[in-house]
4 protein chains.
Amino acid sequence: MIRVGVFGATGYAGKECVRLLESHPSARVAFTTGSGGAHLAHEAGLDQAADAYLLALPHGVSAKYAASLRAARPDATVIDLSGDLRLATAAAYKHWYGHEHPAPQLLDGTPYGLTEVYRDRLPGARLVSNPGCYATSVLLPLVPLLREALVDPDDIVVDAKSGATGAGRAPKEELLFCEVADDLSAYSPGRTHRHVAEIEQVLHETSGKTVALTFCPHLLPVKRGILSALYLRSAASPAALAQALRTFYAAAPFVRIVDAPPKLSDVVLTNDCRISVHAAAPGRVVVFSAIDNLVKGAAGQAIQNLNRCLGWDERAGLPGGNA
Amino acid sequence: MIRVGVFGATGYAGKECVRLLESHPSARVAFTTGSGGAHLAHEAGLDQAADAYLLALPHGVSAKYAASLRAARPDATVIDLSGDLRLATAAAYKHWYGHEHPAPQLLDGTPYGLTEVYRDRLPGARLVSNPGCYATSVLLPLVPLLREALVDPDDIVVDAKSGATGAGRAPKEELLFCEVADDLSAYSPGRTHRHVAEIEQVLHETSGKTVALTFCPHLLPVKRGILSALYLRSAASPAALAQALRTFYAAAPFVRIVDAPPKLSDVVLTNDCRISVHAAAPGRVVVFSAIDNLVKGAAGQAIQNLNRCLGWDERAGLPGGNA
Amino acid sequence: MIRVGVFGATGYAGKECVRLLESHPSARVAFTTGSGGAHLAHEAGLDQAADAYLLALPHGVSAKYAASLRAARPDATVIDLSGDLRLATAAAYKHWYGHEHPAPQLLDGTPYGLTEVYRDRLPGARLVSNPGCYATSVLLPLVPLLREALVDPDDIVVDAKSGATGAGRAPKEELLFCEVADDLSAYSPGRTHRHVAEIEQVLHETSGKTVALTFCPHLLPVKRGILSALYLRSAASPAALAQALRTFYAAAPFVRIVDAPPKLSDVVLTNDCRISVHAAAPGRVVVFSAIDNLVKGAAGQAIQNLNRCLGWDERAGLPGGNA
Amino acid sequence: MIRVGVFGATGYAGKECVRLLESHPSARVAFTTGSGGAHLAHEAGLDQAADAYLLALPHGVSAKYAASLRAARPDATVIDLSGDLRLATAAAYKHWYGHEHPAPQLLDGTPYGLTEVYRDRLPGARLVSNPGCYATSVLLPLVPLLREALVDPDDIVVDAKSGATGAGRAPKEELLFCEVADDLSAYSPGRTHRHVAEIEQVLHETSGKTVALTFCPHLLPVKRGILSALYLRSAASPAALAQALRTFYAAAPFVRIVDAPPKLSDVVLTNDCRISVHAAAPGRVVVFSAIDNLVKGAAGQAIQNLNRCLGWDERAGLPGGNA
């Protein structure tokens, strides 16, 4: 039974880490940090011994703790759920996040923990950068299709919709119940949302081409779940694309290719990603991808990555899976 | 004060017709049909004298009543809110609706009541076909841009989201509160939704080209409102597109071009359509369009059309307008 | 056309004042105060001439502005929507609100604007205290029954449920969408909610007895509406109680006694209060009362009071009414 | 590993039985009945061998299947989730359910499976009647207080609120999303709801007195959860009542007495019941009780009862518990 410290356990992602760890067969929560309750202050967490640390802290802060923990506990495994370690360079980070990188020395060699895609980079890793929630929902369907050159990397349109936990727990007027309920709003249209950067980076690595993604997120009046619609150019049939995805994910317990468009309720409270492919117009297909933003899009994938780092069954402690 | 008969006043669109007419300065409800309450049977409605009739009946049924009313009350104005009279030919109708057209003789010369676009076809008309809710939200931003050849008709992707009143009031398991709440689902992906037919028909008339629309609707866990995202190819800047829209709609009280993406709550319970244009990626823009599906997408536009037919101020009795 | 200044127009109640005034036939908004947008600072509002002022400010602040306006504009009509002027004495205010009264000189003679109950105190009044939302929903059914001695003042249990706009627009974690959606919570059980004080004060005035109310409010996952259930002891039949209410409210356009339990949707966006009476157990009845907390429970009643003060039809500019 | 047949697995309660059994360590689903999918017809279920049967069928139907299964599989354990076997006599059943009892011979000796209260009646039982959801939420706090004569049985007021899954999955207009969302409605006021009968029956058994309950249920715009407020007369302090409850439930893993009013979200998706006690007015207290209507109020309690019948740890397979 390993001991896990959770930094930032009062936010939605950190709380979800704690909730999921409670039913993990081989890990238990050693301590949590955050304001209020029985939480330690974040700084006090650095003095707590543990075998692994999950960092659910704001960007700009998280990498500092990652650096401190790497120095102080070199044998421990650290999973950073923030955006701090996702981009390959400090320059890219500064461009997208608007400030200097807090620990640029960590960028080199830290795997991007999109588990099913980079599964072989994880065993033995001591530091992993957990992908963004939107990025997870977009890249899981897209990477296999681009690897097989089945879709055109120059013509990718993503219309994504997320539940409000994705916006965090800090009290802001625009996140009040009375502002979100009964409503739908688009935000960060064009290439302005930070997850665009990590998606384009992976698409570049995958296709060898510079990709300019069209991506527009929406805020849904639901608590959990992301449904992304990917509008893609392809000379192949939807059936061929679905088959390529099935082949790629044949051994992946949490990714399932389905026939009907997946709904949020199919995946909420699980670590699953469900994907479907449909004809849209001549030469164009639409691919739907559904995840729970707090599970596969954050805490669940973090634990899945931890499982991989430690050589365990990646399903350990995680709801869902192709049972 | 003219007398208006509302057929199908127990459904959401018909109920909304009645609600809106209650504050119309020059019209009052003469009778309603529908099951239960003080409603007449539909057939009994044919015997009721009125100056205008709003038909909020199922497709396949509505055109029969339109034909009967045209024959029996040639001076009355009939607005058909169903899909029966939207497509130009009985063959197209049979293809999209799956059965023979109930009154093909009505198809010729019945204007498609997208008010702001076909406003000059309405004065004096005795029969108008009211557009579909999705079609209204898509065509209002698209027609002016295509008329000015500012966007590529061969590359149009629409991701649309609608509140559940758009699915009607017939009791179906998939429309129960417990099936819709906390969820989001896509349906009719590809060119399968019936509104695709009327949208493509108008786009063809506008651009002179055969357009194959990529269109995917979603069911939102809200009661009212449609937000459509249109992903378009354009060599022009978003500012130029917005300007073209502003010019086109300069005299239209209900259409407003705005800077930030419109939300459902900006338009719900009004007859307004709000549109914004944003850069998406090089050569591609995203256009958002928001309406209330029951008002501008159904009952409100029906009354707006009635106002135009009768030569009244098109705002009469309608909430919203660029006040 | 009188000019009305709205203080605190960025909160939900103040925003609703502005929204309702937009369709008032005889009043228009002269200025608004609040943070952001085109609002003035509150202090700057004191320099603005107007014929009437609606104060939608926090308690402890509002009475100061009421006092300043009374001094500077003695001919203007001021309606205070806060709790500052509802209790009869500064001592009671200190007990319930926890701090000294900001303007005790205003307490004497300021009518409590429960319009239908104290309608004769309003004509000509220059300062009115607008009742609390819960208080309105409880007192409208209760006062007539107590006046006629039809229910036992010593055994009153009220279970009330309110939409989240009642909790205001200040960003607090417990009011975030993700904390309120899919949930229901009771708060302030026992005689701790501030509205208990004003309810008990009116009940004392009505019955001549000191009443200890059992009152428990709940926070609903809806934006608008209050539904209160009043469990009362009565030797009279539900029909007799309903008749007493019908008699009392015979001339009141906004209060309607109905047969089936009223729902929030029956009254939301109107100034109406709907009340029903039902047998509960031998000797006990349950009375339901539904209002829109932002309309009849705040902005609507404020305008209704303003209408009465100025000698206008009390329905002017207000949605609902026994049409 | 025992085999369990679930009758009525397409309704919400039956579906929840299947969902919970999937993580039961000692039981697995042998077959399901219901319309559609891979479900058997109900009749075909009678031919399927199993060690236990959960009946999530409509009242009037369920007891017939219970009788058939008792006859055909005398060694199997049958838990009936319907209302058919809750009332002690066929006469009471006919009064409350409006038709003859379908299998009156089963009424004698069938324990009422309010697990924590009648836990000693369950071991070895072959047929158990599972309590109603509202009844569970009301009786768990009330029975211990009445047993200790701490509250007045002649003055009990219950205001209960339930999520919409409690109303079942049959498509009815009043359960559509657009009818339930943003709304709250009371129904069955007075002593008309069928759960009143079973509550009063248990209260009579507990107190030796005939109790006339004041009970009013409400339909909430949420999917799951019941929050009941019990307004009770008591000469004892809230602390004393809370202590009596803590003592009674000291060994009960799923019932927890808490200090703050419990919210739905505290118990949803668990088999827990959380209870709090508060001063309301002199001589009166308010007790809140929260459960998940589909878990502790239906499927979870059914499995808890099955666990008890079979001599297992009552927590087996159930989420929640005082861990």
# chains A, B, ... in the order shown; residues from 1 in each chain; ligands from 1
call {"tool": "interface_residues", "arguments": {"of": "chain B", "to": "chain D", "cutoff": "9 Å", "atoms": "only C-alpha atoms", "output": "list in words"}}
result
Gly163, Ala164, Thr165, Arg169, Ala170, Pro171, Lys172, Glu173, Glu174, Leu175, Leu176, Phe177, Cys178, Glu179, Val180, Ala181, Asp182, Pro221, Val222, Lys223 and Arg224 of chain B
call {"tool": "write_last_selection", "arguments": {"atoms": "N, CA and C atoms", "output": "short mmCIF file (atom, residue, chain, number, x, y, z; two decimals), in the first residue's frame"}}
result
data_model
loop_
_atom_site.label_atom_id
_atom_site.label_comp_id
_atom_site.auth_asym_id
_atom_site.auth_seq_id
_atom_site.Cartn_x
_atom_site.Cartn_y
_atom_site.Cartn_z
N GLY B 163 -32.21 23.52 -26.91
CA GLY B 163 -32.96 23.14 -25.73
C GLY B 163 -34.05 22.13 -26.06
N ALA B 164 -34.57 21.48 -25.01
CA ALA B 164 -35.42 20.31 -25.20
C ALA B 164 -36.82 20.63 -25.68
N THR B 165 -37.27 21.88 -25.57
CA THR B 165 -38.59 22.17 -26.14
C THR B 165 -38.58 21.93 -27.65
N ARG B 169 -43.46 17.97 -27.23
CA ARG B 169 -44.05 17.66 -25.94
C ARG B 169 -44.63 16.24 -25.87
N ALA B 170 -44.50 15.50 -26.95
CA ALA B 170 -45.02 14.13 -26.89
C ALA B 170 -44.21 13.33 -25.88
N PRO B 171 -44.86 12.58 -24.99
CA PRO B 171 -44.12 11.85 -23.96
C PRO B 171 -43.30 10.73 -24.57
N LYS B 172 -42.00 10.87 -24.51
CA LYS B 172 -41.07 9.84 -24.97
C LYS B 172 -40.04 9.62 -23.87
N GLU B 173 -39.63 8.37 -23.71
CA GLU B 173 -38.69 8.07 -22.62
C GLU B 173 -37.44 8.93 -22.72
N GLU B 174 -36.92 9.12 -23.94
CA GLU B 174 -35.65 9.85 -24.07
C GLU B 174 -35.77 11.33 -23.77
N LEU B 175 -37.00 11.81 -23.59
CA LEU B 175 -37.19 13.22 -23.26
C LEU B 175 -37.58 13.42 -21.79
N LEU B 176 -37.59 12.34 -21.01
CA LEU B 176 -37.89 12.48 -19.59
C LEU B 176 -36.81 13.31 -18.90
N PHE B 177 -37.20 13.98 -17.85
CA PHE B 177 -36.23 14.77 -17.09
C PHE B 177 -34.99 13.96 -16.75
N CYS B 178 -35.19 12.75 -16.27
CA CYS B 178 -34.05 11.95 -15.80
C CYS B 178 -33.17 11.46 -16.94
N GLU B 179 -33.62 11.58 -18.17
CA GLU B 179 -32.80 11.19 -19.32
C GLU B 179 -32.07 12.39 -19.93
N VAL B 180 -32.57 13.57 -19.73
CA VAL B 180 -32.01 14.76 -20.38
C VAL B 180 -31.12 15.57 -19.43
N ALA B 181 -31.52 15.62 -18.15
CA ALA B 181 -30.78 16.44 -17.19
C ALA B 181 -29.35 15.93 -17.05
N ASP B 182 -28.44 16.84 -16.80
CA ASP B 182 -27.02 16.50 -16.56
C ASP B 182 -26.37 15.84 -17.76
N PRO B 221 -29.42 20.14 -21.96
CA PRO B 221 -30.29 20.07 -20.77
C PRO B 221 -30.78 21.45 -20.35
N VAL B 222 -31.44 22.13 -21.27
CA VAL B 222 -32.11 23.40 -20.99
C VAL B 222 -33.44 23.34 -21.72
N LYS B 223 -34.36 24.21 -21.35
CA LYS B 223 -35.66 24.18 -21.97
C LYS B 223 -35.69 24.92 -23.31
N ARG B 224 -35.06 26.06 -23.36
CA ARG B 224 -35.17 26.92 -24.53
C ARG B 224 -33.81 27.37 -25.02
#
call {"tool": "residues_around", "arguments": {"residues": "Ser26 in chain C", "least_positions_apart": "6", "cutoff": "10 Å", "atoms": "only C-alpha atoms", "output": "list in words"}}
result
Met1, Ile2, Arg3, Asn307, Trp312, Ala316 and Gly317 of chain C
call {"tool": "atom_distance", "arguments": {"atom1": "CA of Val268 in chain B", "atom2": "CA of Leu220 in chain A"}}
result
16.0 Å
call {"tool": "select_by_dssp", "arguments": {"residues": "range 22-132 of chain D", "states": "strand (DSSP E or B)", "output": "list in words"}}
result
Ala27, Arg28, Val29, Ala30, Phe31, Thr32, Thr33, Leu40, Ala52, Tyr53, Leu54, Leu55, Thr77, Val78, Ile79, Asp80, Tyr112, Leu127, Val128 and Ser129 of chain D
call {"tool": "closest_residue", "arguments": {"among": "D:Leu306, D:Ala298, D:Leu87, D:Ala67", "to": "Ala13 in chain D", "atoms": "only C-alpha atoms"}}
result
D:Ala298
call {"tool": "residues_around", "arguments": {"residues": "Leu140 in chain C", "least_positions_apart": "4", "cutoff": "12 Å", "atoms": "only C-alpha atoms", "output": "PyMOL selection string"}}
result
chain C and resi 113-118+131-136+144-147+199+202-203+228+230+245-246+248-249+252+254-257+272-276+287-291+296-297
call {"tool": "select_by_dssp", "arguments": {"residues": "range 84-220 of chain B", "states": "alpha helix (DSSP H)", "output": "VMD selection string"}}
result
chain B and resid 90 to 97 133 to 147 177 to 180 194 to 207
call {"tool": "residues_around", "arguments": {"residues": "Leu81 in chain B", "least_positions_apart": "3", "cutoff": "8 Å", "atoms": "only C-alpha atoms", "output": "list in words"}}
result
Leu54, Leu55, Ala56, Leu57, Ser129, Asn130, Pro131, Gly132, Ala298, Ala299 and Ala302 of chain B
call {"tool": "closest_residue", "arguments": {"among": "B:Arg119, B:Gly34, B:Arg194, B:Leu232", "to": "Lys94 in chain B", "atoms": "only C-alpha atoms"}}
result
B:Arg194
call {"tool": "residues_around", "arguments": {"residues": "Glu22 in chain B", "least_positions_apart": "5", "cutoff": "12 Å", "atoms": "only C-alpha atoms", "output": "JSON list (two decimals) with C-alpha atoms, in the first residue's frame"}}
result
[["chain", "number", "residue", "atom", "x", "y", "z"],
["B", 1, "MET", "CA", -58.21, 43.67, -33.53],
["B", 3, "ARG", "CA", -58.97, 37.14, -34.54],
["B", 4, "VAL", "CA", -56.37, 34.36, -34.69],
["B", 15, "LYS", "CA", -48.60, 27.27, -26.50],
["B", 16, "GLU", "CA", -45.98, 29.88, -27.24],
["B", 17, "CYS", "CA", -48.14, 31.29, -30.05],
["B", 27, "ALA", "CA", -54.54, 40.44, -32.55],
["B", 28, "ARG", "CA", -56.31, 38.19, -30.12],
["B", 29, "VAL", "CA", -56.75, 34.45, -29.86],
["B", 30, "ALA", "CA", -60.12, 33.44, -31.30],
["B", 303, "ILE", "CA", -46.20, 36.26, -35.62],
["B", 316, "ALA", "CA", -45.96, 44.16, -33.03],
["B", 317, "GLY", "CA", -46.51, 41.96, -29.99],
["B", 318, "LEU", "CA", -42.99, 40.56, -29.99],
["B", 319, "PRO", "CA", -40.46, 40.74, -27.17],
["C", 319, "PRO", "CA", -46.40, 41.09, -15.62],
["C", 320, "GLY", "CA", -49.16, 38.86, -14.31],
["C", 323, "ALA", "CA", -56.24, 38.97, -16.50]]
call {"tool": "residues_around", "arguments": {"residues": "His101 in chain B", "least_positions_apart": "5", "cutoff": "10 Å", "atoms": "only C-alpha atoms", "output": "number ranges by chain"}}
result
B: 59-61, 63-64, 84-85, 89-94, 106-107
